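Novice: Structure supplied as entry.txt; contents: compact mmCIF, C-alpha atoms and all ligand atoms.
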```
# COMPACT_ATOMS: atom_id res chain seq x y z
CA MET B 1 -20.35 9.32 45.79
CA LYS B 2 -17.85 7.09 44.02
CA ASN B 3 -14.23 7.57 44.84
CA ASN B 4 -11.02 6.83 42.90
CA LEU B 5 -9.16 5.53 45.95
CA GLU B 6 -11.91 3.07 46.84
CA ALA B 7 -12.12 1.94 43.22
CA PHE B 8 -8.34 1.43 43.14
CA LYS B 9 -8.38 -0.56 46.39
CA ARG B 10 -11.10 -2.79 44.99
CA ALA B 11 -9.19 -3.26 41.73
CA GLN B 12 -5.98 -4.08 43.61
CA LYS B 13 -7.75 -7.09 45.13
CA LEU B 14 -8.84 -8.23 41.69
CA PHE B 15 -5.90 -7.48 39.38
CA PRO B 16 -2.12 -7.52 39.84
CA GLY B 17 -1.35 -3.92 40.80
CA GLY B 18 -5.01 -3.04 40.33
CA VAL B 19 -4.68 -2.74 36.55
CA ASN B 20 -4.77 -4.70 33.32
CA SER B 21 -1.76 -2.95 31.76
CA PRO B 22 1.12 -1.86 34.00
CA VAL B 23 1.60 1.87 33.29
CA ARG B 24 -2.01 2.57 34.26
CA ALA B 25 -1.09 1.93 37.90
CA PHE B 26 0.74 5.31 38.12
CA GLY B 27 3.74 3.46 39.57
CA SER B 28 6.31 5.97 38.35
CA VAL B 29 4.41 9.11 39.33
CA GLY B 30 2.70 7.94 42.51
CA GLY B 31 -0.83 8.70 43.63
CA THR B 32 -4.12 7.12 42.71
CA PRO B 33 -5.03 6.73 39.05
CA PRO B 34 -8.35 8.37 38.22
CA PHE B 35 -10.93 5.72 37.33
CA ILE B 36 -12.57 6.84 34.12
CA ASP B 37 -16.30 7.03 33.83
CA ARG B 38 -16.61 8.41 30.29
CA GLY B 39 -14.91 10.35 27.53
CA GLU B 40 -16.29 13.14 25.42
CA GLY B 41 -14.27 14.80 22.66
CA GLY B 42 -10.96 15.94 24.14
CA TYR B 43 -12.02 15.29 27.74
CA ILE B 44 -12.32 12.37 30.10
CA TYR B 45 -14.34 12.36 33.33
CA ASP B 46 -13.45 10.26 36.33
CA ILE B 47 -15.93 8.55 38.65
CA GLU B 48 -15.69 11.50 41.08
CA GLY B 49 -17.02 13.73 38.28
CA LYS B 50 -13.71 15.51 37.72
CA ARG B 51 -12.95 16.56 34.15
CA TYR B 52 -9.50 16.27 32.55
CA ALA B 53 -8.16 17.46 29.21
CA ASP B 54 -6.97 14.13 27.88
CA PHE B 55 -3.53 14.07 26.25
CA VAL B 56 -3.31 10.28 26.35
CA GLN B 57 -6.29 9.48 24.13
CA SER B 58 -6.19 5.79 25.05
CA TRP B 59 -2.43 5.79 24.25
CA GLY B 60 -2.96 6.90 20.70
CA PRO B 61 -5.96 5.31 19.00
CA LEU B 62 -8.44 8.15 19.45
CA ILE B 63 -7.14 10.61 16.90
CA LEU B 64 -10.65 12.05 16.51
CA GLY B 65 -11.25 12.24 20.26
CA HIS B 66 -13.61 10.31 22.51
CA ALA B 67 -17.00 9.07 21.33
CA TYR B 68 -16.68 10.63 17.88
CA PRO B 69 -20.22 10.50 16.44
CA SER B 70 -19.52 8.74 13.11
CA VAL B 71 -17.35 6.13 14.84
CA ILE B 72 -19.96 5.41 17.52
CA ASP B 73 -22.73 5.23 14.89
CA ALA B 74 -20.71 2.75 12.82
CA VAL B 75 -19.99 0.60 15.88
CA VAL B 76 -23.62 0.54 17.03
CA LYS B 77 -24.99 -0.13 13.56
CA THR B 78 -22.53 -2.96 12.96
CA ALA B 79 -22.99 -4.49 16.42
CA LYS B 80 -26.71 -4.84 15.77
CA ARG B 81 -25.92 -7.14 12.85
CA GLY B 82 -23.88 -9.53 15.00
CA LEU B 83 -20.70 -9.19 17.02
CA SER B 84 -18.44 -11.77 15.43
CA PHE B 85 -18.61 -14.43 12.76
CA GLY B 86 -15.17 -16.00 12.51
CA ALA B 87 -15.78 -15.90 8.75
CA PRO B 88 -14.83 -13.34 6.12
CA SER B 89 -16.79 -10.10 5.90
CA GLU B 90 -16.46 -7.26 3.43
CA LEU B 91 -15.70 -4.86 6.26
CA GLU B 92 -12.21 -6.36 6.42
CA SER B 93 -11.64 -5.54 2.75
CA ASP B 94 -13.04 -2.04 3.24
CA LEU B 95 -10.59 -1.28 6.05
CA ALA B 96 -7.70 -2.90 4.17
CA ASP B 97 -8.52 -0.80 1.10
CA LEU B 98 -8.39 2.36 3.20
CA ILE B 99 -5.05 1.45 4.78
CA LEU B 100 -3.53 0.47 1.44
CA SER B 101 -4.85 3.59 -0.28
CA ILE B 102 -2.78 5.63 2.18
CA TYR B 103 0.27 3.35 2.48
CA GLY B 104 0.37 2.94 -1.30
CA PHE B 105 3.63 0.97 -1.40
CA LEU B 106 2.10 -1.99 0.46
CA ASP B 107 0.07 -4.66 -1.39
CA LYS B 108 -1.62 -6.71 1.31
CA VAL B 109 -2.35 -6.71 5.02
CA ARG B 110 -3.25 -9.30 7.65
CA PHE B 111 -5.47 -8.13 10.51
CA VAL B 112 -4.83 -9.14 14.11
CA SER B 113 -6.19 -7.73 17.35
CA THR B 114 -3.19 -6.15 19.10
CA GLY B 115 0.04 -4.43 18.21
CA THR B 116 1.88 -7.16 20.09
CA GLU B 117 0.50 -9.77 17.72
CA ALA B 118 1.23 -7.63 14.67
CA VAL B 119 4.93 -7.24 15.43
CA MET B 120 5.26 -10.82 16.69
CA THR B 121 3.81 -12.02 13.37
CA ALA B 122 6.02 -9.65 11.36
CA LEU B 123 9.08 -11.19 13.03
CA ARG B 124 7.89 -14.72 12.33
CA LEU B 125 7.28 -13.75 8.73
CA ALA B 126 10.73 -12.21 8.37
CA ARG B 127 12.37 -15.23 9.98
CA GLY B 128 10.29 -17.57 7.85
CA VAL B 129 11.06 -15.95 4.51
CA THR B 130 14.77 -15.44 5.18
CA GLY B 131 15.33 -18.74 6.99
CA ARG B 132 17.35 -16.83 9.62
CA ASP B 133 16.82 -16.59 13.38
CA ASP B 134 18.55 -13.41 14.53
CA ILE B 135 16.75 -10.09 14.63
CA VAL B 136 17.91 -6.57 15.46
CA LYS B 137 15.94 -4.30 17.77
CA PHE B 138 16.85 -0.98 19.32
CA ARG B 139 17.31 -0.22 22.97
CA GLY B 140 14.37 1.78 24.24
CA CYS B 141 11.96 0.69 21.49
CA TYR B 142 8.83 -1.19 22.55
CA HIS B 143 7.07 -3.53 20.17
CA GLY B 144 4.59 -5.24 22.48
CA HIS B 145 5.26 -8.00 24.95
CA SER B 146 6.06 -11.02 22.78
CA ASP B 147 9.07 -13.01 23.95
CA SER B 148 11.54 -12.03 21.22
CA LEU B 149 10.90 -8.35 21.82
CA LEU B 150 10.92 -8.07 25.60
CA VAL B 151 14.65 -7.74 25.51
CA GLU B 152 17.02 -4.89 26.22
CA ALA B 153 20.76 -4.55 26.66
CA GLY B 154 22.13 -6.05 29.86
CA SER B 155 24.96 -3.54 29.71
CA GLY B 156 25.79 -0.69 27.39
CA ALA B 157 28.00 -2.62 25.05
CA ALA B 158 26.09 -5.90 25.17
CA THR B 159 25.10 -7.25 21.84
CA PHE B 160 23.40 -10.46 22.81
CA GLY B 161 20.02 -9.76 24.34
CA ALA B 162 19.30 -10.72 27.89
CA PRO B 163 15.64 -11.20 28.76
CA SER B 164 14.32 -8.10 30.50
CA SER B 165 11.39 -9.99 31.99
CA PRO B 166 11.52 -13.22 33.96
CA GLY B 167 9.75 -15.86 31.92
CA VAL B 168 11.35 -14.91 28.62
CA VAL B 169 13.38 -17.90 27.51
CA ALA B 170 17.07 -17.00 27.30
CA ASP B 171 17.56 -19.31 24.32
CA LEU B 172 15.06 -17.20 22.39
CA ALA B 173 16.22 -13.83 23.72
CA LYS B 174 19.75 -14.55 22.52
CA HIS B 175 18.48 -14.19 18.95
CA THR B 176 17.45 -10.60 19.66
CA LEU B 177 20.47 -8.43 18.96
CA LEU B 178 20.46 -4.94 20.37
CA ALA B 179 21.55 -1.76 18.68
CA ASP B 180 21.45 1.89 19.66
CA TYR B 181 18.82 4.16 18.20
CA ASN B 182 20.09 6.66 15.62
CA ASP B 183 23.50 4.95 15.65
CA LEU B 184 24.14 3.18 12.34
CA ALA B 185 27.58 1.95 13.35
CA SER B 186 25.99 -0.12 16.13
CA VAL B 187 23.82 -1.86 13.49
CA GLU B 188 26.72 -2.31 11.07
CA ARG B 189 28.66 -4.14 13.79
CA LEU B 190 25.81 -6.60 14.21
CA PHE B 191 25.49 -7.23 10.48
CA ALA B 192 29.23 -7.87 10.31
CA ASN B 193 28.95 -10.75 12.76
CA HIS B 194 25.49 -12.26 12.34
CA LEU B 195 23.05 -13.56 9.75
CA ILE B 196 20.15 -11.27 10.39
CA ALA B 197 16.53 -11.90 9.40
CA CYS B 198 15.24 -8.39 10.03
CA VAL B 199 15.70 -5.05 11.67
CA VAL B 200 12.64 -3.88 13.57
CA ILE B 201 12.32 -0.24 14.55
CA GLU B 202 9.85 2.34 15.73
CA PRO B 203 10.81 4.90 13.08
CA ILE B 204 9.43 7.52 15.41
CA ALA B 205 10.06 6.02 18.83
CA GLY B 206 7.25 6.74 21.23
CA ASN B 207 8.10 4.34 24.00
CA MET B 208 11.19 6.02 25.45
CA GLY B 209 9.38 9.32 25.31
CA LEU B 210 9.19 10.79 21.82
CA VAL B 211 12.48 10.21 19.99
CA PRO B 212 12.33 10.38 16.18
CA ALA B 213 14.89 8.56 14.08
CA SER B 214 16.78 10.78 11.67
CA GLU B 215 15.98 10.29 7.99
CA GLU B 216 19.64 9.63 7.31
CA PHE B 217 19.65 6.82 9.89
CA LEU B 218 16.55 5.23 8.34
CA HIS B 219 18.14 5.40 4.87
CA GLY B 220 21.21 3.75 6.37
CA LEU B 221 19.11 0.92 7.78
CA ARG B 222 17.43 0.43 4.41
CA ALA B 223 20.79 0.17 2.67
CA LEU B 224 22.18 -2.24 5.27
CA CYS B 225 19.13 -4.51 5.06
CA ASP B 226 19.31 -4.53 1.25
CA ARG B 227 23.01 -5.31 1.27
CA HIS B 228 22.59 -8.24 3.66
CA GLY B 229 19.27 -9.66 2.45
CA ALA B 230 17.42 -8.75 5.65
CA LEU B 231 13.93 -7.30 5.90
CA LEU B 232 13.28 -3.87 7.37
CA ILE B 233 10.22 -3.67 9.61
CA TYR B 234 8.73 -0.33 10.63
CA ASP B 235 6.61 -0.65 13.71
CA GLU B 236 4.09 2.12 13.10
CA VAL B 237 1.59 0.82 15.65
CA MET B 238 1.84 4.23 17.31
CA SER B 239 3.12 6.55 14.59
CA GLY B 240 0.99 5.23 11.73
CA PHE B 241 -1.83 7.68 10.86
CA ARG B 242 -0.55 9.76 13.81
CA ALA B 243 2.77 11.38 12.97
CA SER B 244 1.37 12.10 9.51
CA LYS B 245 -1.29 10.41 7.43
CA MET B 246 1.35 7.88 6.32
CA GLY B 247 3.16 7.95 9.66
CA ALA B 248 6.94 7.99 9.54
CA CYS B 249 6.82 6.82 5.92
CA GLY B 250 5.03 10.06 5.10
CA LEU B 251 7.57 12.22 6.91
CA THR B 252 10.62 10.52 5.45
CA LYS B 253 11.32 9.17 1.99
CA THR B 254 12.17 5.73 3.40
CA ARG B 255 10.21 2.56 2.70
CA PRO B 256 10.40 -0.63 4.78
CA ASP B 257 9.48 -4.16 3.68
CA ILE B 258 6.86 -4.68 6.38
CA VAL B 259 4.84 -2.12 8.34
CA THR B 260 2.95 -2.95 11.50
CA PHE B 261 -0.15 -0.97 12.48
CA GLY B 262 -2.43 -0.73 15.50
CA LYS B 263 -4.06 1.96 17.60
CA VAL B 264 -5.58 4.47 15.08
CA ILE B 265 -6.64 1.78 12.59
CA GLY B 266 -9.08 0.47 15.20
CA GLY B 267 -10.29 3.89 16.32
CA GLY B 268 -10.43 2.65 19.94
CA LEU B 269 -11.34 -0.99 19.33
CA PRO B 270 -8.80 -3.83 19.13
CA VAL B 271 -7.42 -3.83 15.59
CA ALA B 272 -3.84 -4.15 14.43
CA ALA B 273 -2.25 -5.34 11.22
CA LEU B 274 0.91 -6.02 9.33
CA GLY B 275 1.34 -5.11 5.70
CA GLY B 276 3.89 -5.74 2.99
CA LYS B 277 4.43 -6.66 -0.65
CA ALA B 278 2.26 -9.53 -1.91
CA LYS B 279 5.25 -11.85 -2.29
CA THR B 280 6.18 -11.45 1.38
CA MET B 281 2.65 -11.44 2.76
CA ASP B 282 1.67 -14.54 0.76
CA ALA B 283 4.23 -16.49 2.73
CA LEU B 284 1.65 -16.40 5.54
CA SER B 285 -0.80 -19.25 5.99
CA PRO B 286 -3.03 -20.32 4.18
CA ILE B 287 -0.99 -19.64 1.01
CA GLY B 288 2.40 -19.98 2.64
CA LYS B 289 3.63 -22.15 5.47
CA ILE B 290 4.16 -19.42 8.08
CA TYR B 291 1.32 -19.88 10.51
CA GLN B 292 -0.76 -17.14 12.08
CA ALA B 293 -4.44 -17.07 13.08
CA GLY B 294 -6.96 -15.34 15.36
CA THR B 295 -10.54 -16.05 16.45
CA LEU B 296 -11.42 -12.37 16.60
CA SER B 297 -9.09 -11.13 13.83
CA GLY B 298 -10.98 -8.80 11.50
CA ASN B 299 -13.84 -8.54 13.99
CA PRO B 300 -16.68 -6.70 12.22
CA VAL B 301 -17.42 -4.18 14.98
CA ALA B 302 -13.73 -3.34 15.33
CA MET B 303 -13.40 -3.07 11.53
CA ALA B 304 -16.35 -0.65 11.48
CA ALA B 305 -14.66 1.59 14.06
CA GLY B 306 -11.47 1.56 12.00
CA ILE B 307 -13.28 2.30 8.73
CA ALA B 308 -15.16 5.24 10.27
CA THR B 309 -11.93 6.61 11.77
CA LEU B 310 -9.84 6.32 8.62
CA THR B 311 -12.71 7.73 6.53
CA GLU B 312 -12.71 10.86 8.69
CA ILE B 313 -8.93 11.05 8.37
CA VAL B 314 -9.19 10.91 4.60
CA GLU B 315 -12.02 13.42 4.45
CA THR B 316 -10.85 15.97 7.04
CA HIS B 317 -9.03 18.69 5.20
CA ASP B 318 -5.68 19.69 6.74
CA LEU B 319 -6.14 17.28 9.66
CA TYR B 320 -2.44 16.66 10.22
CA ASP B 321 -1.51 20.31 9.78
CA THR B 322 -4.06 21.26 12.41
CA LEU B 323 -2.91 18.55 14.82
CA SER B 324 0.73 19.33 14.24
CA LYS B 325 0.23 23.06 14.88
CA ARG B 326 -1.52 22.29 18.14
CA ALA B 327 1.19 19.88 19.25
CA LYS B 328 3.82 22.48 18.39
CA ARG B 329 1.99 25.19 20.30
CA LEU B 330 1.61 22.91 23.33
CA THR B 331 5.27 21.93 23.44
CA GLU B 332 6.39 25.52 22.93
CA GLY B 333 4.10 26.49 25.78
CA PHE B 334 5.63 23.78 28.00
CA LEU B 335 9.07 25.06 27.06
CA SER B 336 8.35 28.68 27.94
CA ALA B 337 6.71 27.60 31.22
CA ALA B 338 9.85 25.60 32.01
CA LYS B 339 12.14 28.50 31.15
CA GLU B 340 10.15 30.83 33.36
CA ALA B 341 10.47 28.37 36.26
CA GLY B 342 14.16 27.69 35.59
CA VAL B 343 13.49 24.04 34.76
CA PRO B 344 15.61 22.41 32.02
CA LEU B 345 13.35 20.93 29.36
CA THR B 346 13.70 19.51 25.84
CA VAL B 347 10.59 19.17 23.66
CA ASP B 348 9.69 17.71 20.29
CA HIS B 349 6.64 16.77 18.27
CA ARG B 350 5.78 14.82 15.13
CA GLY B 351 2.29 15.43 13.83
CA SER B 352 -0.09 14.76 16.70
CA MET B 353 2.57 13.12 18.89
CA PHE B 354 4.50 15.20 21.40
CA GLY B 355 7.21 14.62 23.96
CA TYR B 356 9.11 16.48 26.65
CA PHE B 357 12.14 15.47 28.71
CA PHE B 358 13.40 17.13 31.86
CA THR B 359 16.91 17.57 30.54
CA PRO B 360 18.56 20.50 28.75
CA ASP B 361 20.22 18.24 26.17
CA PRO B 362 18.88 16.78 22.92
CA VAL B 363 17.48 13.25 23.21
CA ARG B 364 18.42 10.93 20.31
CA ASN B 365 18.53 7.53 21.98
CA PHE B 366 17.58 5.59 25.10
CA ASP B 367 20.67 6.57 27.12
CA GLU B 368 19.94 10.24 26.52
CA ALA B 369 16.27 9.73 27.40
CA LEU B 370 17.33 8.11 30.68
CA LYS B 371 19.09 11.36 31.63
CA SER B 372 15.70 12.99 32.13
CA ASP B 373 14.94 13.95 35.73
CA THR B 374 12.08 11.57 36.46
CA ALA B 375 11.50 12.95 39.96
CA ARG B 376 10.79 16.32 38.33
CA PHE B 377 8.58 14.65 35.78
CA ALA B 378 6.55 13.07 38.60
CA LYS B 379 6.05 16.45 40.30
CA PHE B 380 5.04 18.05 37.01
CA HIS B 381 2.64 15.23 36.22
CA LYS B 382 1.00 15.40 39.63
CA ALA B 383 0.47 19.16 39.40
CA MET B 384 -0.91 18.90 35.86
CA LEU B 385 -3.37 16.23 36.98
CA ALA B 386 -4.47 18.37 39.91
CA ASN B 387 -5.09 21.17 37.40
CA GLY B 388 -7.24 19.02 35.15
CA VAL B 389 -4.66 17.90 32.56
CA TYR B 390 -4.27 14.17 32.05
CA LEU B 391 -0.79 13.29 30.73
CA ALA B 392 0.78 9.87 30.29
CA PRO B 393 1.93 8.82 33.77
CA SER B 394 5.50 8.04 32.73
CA GLN B 395 8.42 10.04 31.38
CA PHE B 396 8.99 7.35 28.79
CA GLU B 397 5.73 7.69 26.92
CA THR B 398 4.38 10.01 24.25
CA GLY B 399 1.56 12.56 24.45
CA PHE B 400 -1.23 12.76 21.90
CA ILE B 401 -3.37 15.56 20.47
CA SER B 402 -6.76 14.64 18.97
CA LEU B 403 -8.98 16.52 16.56
CA ALA B 404 -11.16 17.29 19.58
CA THR B 405 -8.25 18.91 21.44
CA SER B 406 -9.21 22.52 20.73
CA ASP B 407 -6.88 25.52 20.65
CA GLU B 408 -8.57 26.66 23.84
CA MET B 409 -7.74 23.35 25.54
CA ILE B 410 -4.12 23.78 24.49
CA GLU B 411 -3.98 27.26 26.01
CA THR B 412 -5.57 25.99 29.24
CA ALA B 413 -3.01 23.17 29.40
CA ILE B 414 -0.19 25.70 28.92
CA GLU B 415 -1.55 27.80 31.79
CA ALA B 416 -1.56 24.64 33.93
CA ALA B 417 2.01 23.94 32.81
CA HIS B 418 3.14 27.30 34.23
CA ILE B 419 1.82 26.24 37.64
CA ALA B 420 3.17 22.69 37.30
CA MET B 421 6.67 23.78 36.21
CA ARG B 422 6.88 25.97 39.30
CA ALA B 423 5.87 22.93 41.37
CA ALA B 424 8.61 20.91 39.64
CA ALA B 425 11.32 23.59 39.98
C1 LIG R 501 5.26 0.94 18.75
C2 LIG R 501 4.39 -0.07 19.42
N1 LIG R 501 4.39 -1.34 18.99
C3 LIG R 501 3.63 -2.28 19.56
C4 LIG R 501 2.82 -1.99 20.62
C5 LIG R 501 1.98 -3.05 21.24
O1 LIG R 501 0.64 -2.83 20.93
P1 LIG R 501 -0.50 -3.46 21.87
O2 LIG R 501 -0.45 -2.75 23.17
O3 LIG R 501 -1.76 -3.21 21.09
O4 LIG R 501 -0.20 -4.92 21.99
C6 LIG R 501 2.78 -0.67 21.12
C7 LIG R 501 1.94 -0.34 22.27
O5 LIG R 501 1.96 0.74 22.81
C8 LIG R 501 3.58 0.30 20.50
O6 LIG R 501 3.60 1.58 20.93
```
Could I get this file's structure written as C-alpha cells?
Ligand SMILES: Cc1ncc(COP(=O)(O)O)c(C=O)c1O
Specialist:
Amino acid sequence: MKNNLEAFKRAQKLFPGGVNSPVRAFGSVGGTPPFIDRGEGGYIYDIEGKRYADFVQSWGPLILGHAYPSVIDAVVKTAKRGLSFGAPSELESDLADLILSIYGFLDKVRFVSTGTEAVMTALRLARGVTGRDDIVKFRGCYHGHSDSLLVEAGSGAATFGAPSSPGVVADLAKHTLLADYNDLASVERLFANHLIACVVIEPIAGNMGLVPASEEFLHGLRALCDRHGALLIYDEVMSGFRASKMGACGLTKTRPDIVTFGKVIGGGLPVAALGGKAKTMDALSPIGKIYQAGTLSGNPVAMAAGIATLTEIVETHDLYDTLSKRAKRLTEGFLSAAKEAGVPLTVDHRGSMFGYFFTPDPVRNFDEALKSDTARFAKFHKAMLANGVYLAPSQFETGFISLATSDEMIETAIEAAHIAMRAAA
C-alpha cells in the first residue's frame, strides 16, 4: 500500500523541501503532508485511502468543491478540441463577459495564468500610467512572489522596504513603501513624503490569517489616492467571487481603479486576470506601450473551467448566503469548542472565507496576527488532521467553505474541533 511518508521522502529528493509551493511542506505544523490521490465534492482522499473534509479547497479556487460535474464536463469537452492555440478564442471573451457582468464597474480585463502575474502586471500598469516608481503595500499582505511585492518592514517603523527574500534586488525593493493594515495615518505619512504610483491592498486580507479591512479604511485609501493622483489596486485574487459574488467590492461600497483576480475565476485551473477602466487597461500592449504577454494566457481549457464555475455561481440561488452561514456556523463552533477547553480564540468570516487566531484579542493588522499562539495552532491542526479535517497548515492562511461542504460536514468538523481544542489546551 502507498504511504505518505514514503511519498514525501521521494518528493524531498526531487523538489526543494519536497514540494512545489512552500506551505505545502507542513513546515509550521510539523508532520508529513498527506499526498492527495483525488478529490470529490467537499472531501479529499490521500494515497493511504484516508478521507479528509477539505477546508483548503486548493487554497480557494474550488468554490463548488472538487470535481464538480459541469466544470469537469467543460474541461473534458474543451480539451478534446485542442489544448492550446496561442491565438484568440471566443472562450476568453465568454469568461471576460462573465467577470465584467459581476464586477460591473470594470470595462476590460487581461488574462494571465497566476495571481502573481496579475498583481505584478497591475503594478507595472500603475507605474506606467502615472510615470511614478513608488508603490505602497501593507505589512502582512501577500500579492504573489514578484520582486516588488516580496517585501515587508524590516522594523516596525520602517518605511523603506527591505527585501524579505534573498534575491530580491534592494534597489527595486526600496520603491515598495510599507504601511500598516487598517491604519490610514501610516498611509498618509507615506503620501506626504513620496510620489506614489499606487496603493495595493488585499481588501480582505487572507494571507496573515483572515483580516478584513474596515470600510472606513478603504474609503480613506480611495480618498488619499484620488487626492494624490495614485491608483488604488484591490488584490481580489483570493476574495474575488469568494467573500461575496463581487468580493470585497460587493461587501463595501468602495471601488478601486484596478482589480486583480485569480483562484475562483479558473475553477481549479491556472487563470488570473487584472481588470480596470478601458482608459487604464488600454495602456497595456498592444494598444499602449506597457508590455505584458503570456504563451498560455487565456488557455482554452482553463477558460472553460472558469466559465463553468462562474456560470454556476451566477445560477446558484443564494450561493453566498449558504456559504456564509456555513462559515459562520463553523467559526462559532470553533469558538465554543475553544471556550469549553479554556483556549483563547478569535474568529471571523467573510462569505466563504473563515479565519481563527489563538489570541483573545481582535486582529486588525499583521502585528496583532503575530500575537497568535502558533504552537497551539500547530497542536490544533495536528489533532484536526488526525480526526479527518484538513485545514490550511499555517496560522497565517485562510480557510474556505465550498458549495460541497455540507451542513453535516460542518457539524462533524465542529465535533473534531472539540477534541482538537482539548489537545491544544
Ligand atoms: C491575495 C493574493 N494575491 C496573489 C496571490 C498569488 O497568486 P498565485 O499563487 O496564483 O501566483 C495569492 C495567492 O495565494 C493571493 O492570495
Novice: What box, with edges along x, y and z, holds each listed atom of region 170-188 of chain B when 6 Å is added on every side, and can you state its centre and edge lengths in Å to one decimal, as JSON?
Specialist:
```
{"center_x": 21.3, "center_y": -6.3, "center_z": 19.2, "size_x": 24.5, "size_y": 38.0, "size_z": 28.2}
```
Novice: Any residue with an atom at most 9 Å from ligand LIG 501 (chain R) counts, using only C-alpha atoms and all ligand atoms. Which are they? Put them as an NGL selection string.
Specialist: :B and (21 or 59-60 or 113-119 or 141-146 or 201-207 or 234-239 or 260-263 or 270-272 or 397)
Novice: In terms of the shortest atom-to-atom distance over all atoms listed in the file, which of B:Ala327, B:Leu83, B:Val199, B:Val343 is closest to Lys379 (chain B)?
Specialist: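 Result for the nearest residue to Lys379 (chain B): B:Val343.
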Novice: Of the candidates B:Thr331, B:Ser101, B:Thr311, B:Thr176, which one gets nearest to Phe138 (chain B) if we count all atoms listed in the file?
Specialist: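 Closest residue, counting all atoms listed in the file: B:Thr176.
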Novice: Give me, please, the distance in Å between CA of Asp133 (chain B) and CA of Asp171 (chain B), quoted to one decimal.
Specialist: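 Interatomic distance here is 11.3 Å.
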Novice: Tell me, in Å to one decimal, how far CA of Phe15 (chain B) is from CA of Arg38 (chain B).
Specialist: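 Answer for the CA of Phe15 (chain B) to CA of Arg38 (chain B) separation: 21.2 Å.
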Novice: Grab the CA of Leu125 (chain B) to CA of Ile307 (chain B) distance for me, in Å with one decimal place.
Specialist: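 Pair CA of Leu125 (chain B) / CA of Ile307 (chain B) returns 26.1 Å.
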Novice: When you count all atoms listed in the file, which of these residues is closest to Met303 (chain B): B:Ser93, B:Thr121, B:Ser285, B:Thr322?
Specialist: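 Closest candidate: B:Ser93.
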Novice: When you look at region 190-195 of chain B with a cut-off of 10 Å (counting only C-alpha atoms), what residues show up, excluding the ones that are within fewer than 6 positions of it in the same chain? I need them as a list of chain:residue names.
Specialist: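 My reading of the contact set: B:Thr130, B:Gly131, B:Arg132, B:Asp133, B:Asp134, B:Ile135, B:Val136, B:Thr159, B:Phe160, B:His175, B:Leu177, B:Leu178, B:Ala179, B:Leu224, B:Cys225, B:Arg227, B:His228, B:Gly229, B:Ala230.
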Novice: Include C-alpha atoms and write out the residues we just selected as a compact mmCIF listing (two decimals), keeping the file's coordinate frame.
Specialist:
```
# COMPACT_ATOMS: atom_id res chain seq x y z
CA THR B 130 14.77 -15.44 5.18
CA GLY B 131 15.33 -18.74 6.99
CA ARG B 132 17.35 -16.83 9.62
CA ASP B 133 16.82 -16.59 13.38
CA ASP B 134 18.55 -13.41 14.53
CA ILE B 135 16.75 -10.09 14.63
CA VAL B 136 17.91 -6.57 15.46
CA THR B 159 25.10 -7.25 21.84
CA PHE B 160 23.40 -10.46 22.81
CA HIS B 175 18.48 -14.19 18.95
CA LEU B 177 20.47 -8.43 18.96
CA LEU B 178 20.46 -4.94 20.37
CA ALA B 179 21.55 -1.76 18.68
CA LEU B 224 22.18 -2.24 5.27
CA CYS B 225 19.13 -4.51 5.06
CA ARG B 227 23.01 -5.31 1.27
CA HIS B 228 22.59 -8.24 3.66
CA GLY B 229 19.27 -9.66 2.45
CA ALA B 230 17.42 -8.75 5.65
```
Novice: So which one's closest to Lys325 (chain B), B:Ala383, B:Val76, B:Leu403, B:Ala378? Using only C-alpha atoms, please.
Specialist: B:Leu403
Novice: Here's a test: counting all atoms listed in the file, identify every protein, DNA and RNA residue with an atom at most 12 Å from (-12.4, 1.7, 12.2) in the file's coordinate frame, and state them as number ranges by chain.
Specialist: B: 61-64, 68, 70-75, 78, 91-96, 98-99, 262-272, 298-313
Novice: When you count only C-alpha atoms, which of these residues is closest to Leu232 (chain B): B:Ala278, B:Ile414, B:Ala122, B:Ala420?
Specialist: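 That would be B:Ala122, the residue with the smallest distance to Leu232 (chain B).
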Novice: Which polymer residues have any atom within 7 Å of an atom of Gly41 (chain B), counting all atoms listed in the file, with same-chain residues fewer than 5 positions away left out, as a list in words?
Specialist: Gly65, His66, Ala67, Tyr68 and Ala404 of chain B
Novice: May I ask which of the residues B:Glu368, B:Asp37, B:Glu48, B:Glu188 is the closest one to Glu6 (chain B), counting all atoms listed in the file?
Specialist: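 Result for the nearest residue to Glu6 (chain B): B:Glu48.
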Novice: With a distance cut-off of 9 Å and only C-alpha atoms, select the neighbouring residues of Ser165 (chain B), excluding the residue or stretch itself and same-chain residues fewer than 6 positions from it, and output the selection as a PyMOL selection string.
Specialist: chain B and resi 147+150-151
Novice: Name the residues in contact with Gly333 (chain B) at a cut-off of 9 Å, using only C-alpha atoms, excluding same-chain residues fewer than 5 positions from it; report them as a list in words.
Specialist: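 Within the cut-off, the hits are Lys328, Ala338, Ile410, Glu411, Ala413, Ile414, Glu415, Ala417 and His418 of chain B.
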Novice: Excluding same-chain residues fewer than 3 positions from Pro360 (chain B), what lies within 9 Å of it counting all atoms listed in the file, as a PDB file with C-alpha atoms, in the coordinates of the input?
Specialist:
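Writing done, so here's selection_5.pdb:
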```
ATOM      1  CA  VAL B 343      13.490  24.040  34.760  1.00  0.00           C
ATOM      2  CA  PRO B 344      15.610  22.410  32.020  1.00  0.00           C
ATOM      3  CA  LEU B 345      13.350  20.930  29.360  1.00  0.00           C
ATOM      4  CA  THR B 346      13.700  19.510  25.840  1.00  0.00           C
ATOM      5  CA  PHE B 357      12.140  15.470  28.710  1.00  0.00           C
ATOM      6  CA  SER B 372      15.700  12.990  32.130  1.00  0.00           C
TER       7      SER B 372
END
```
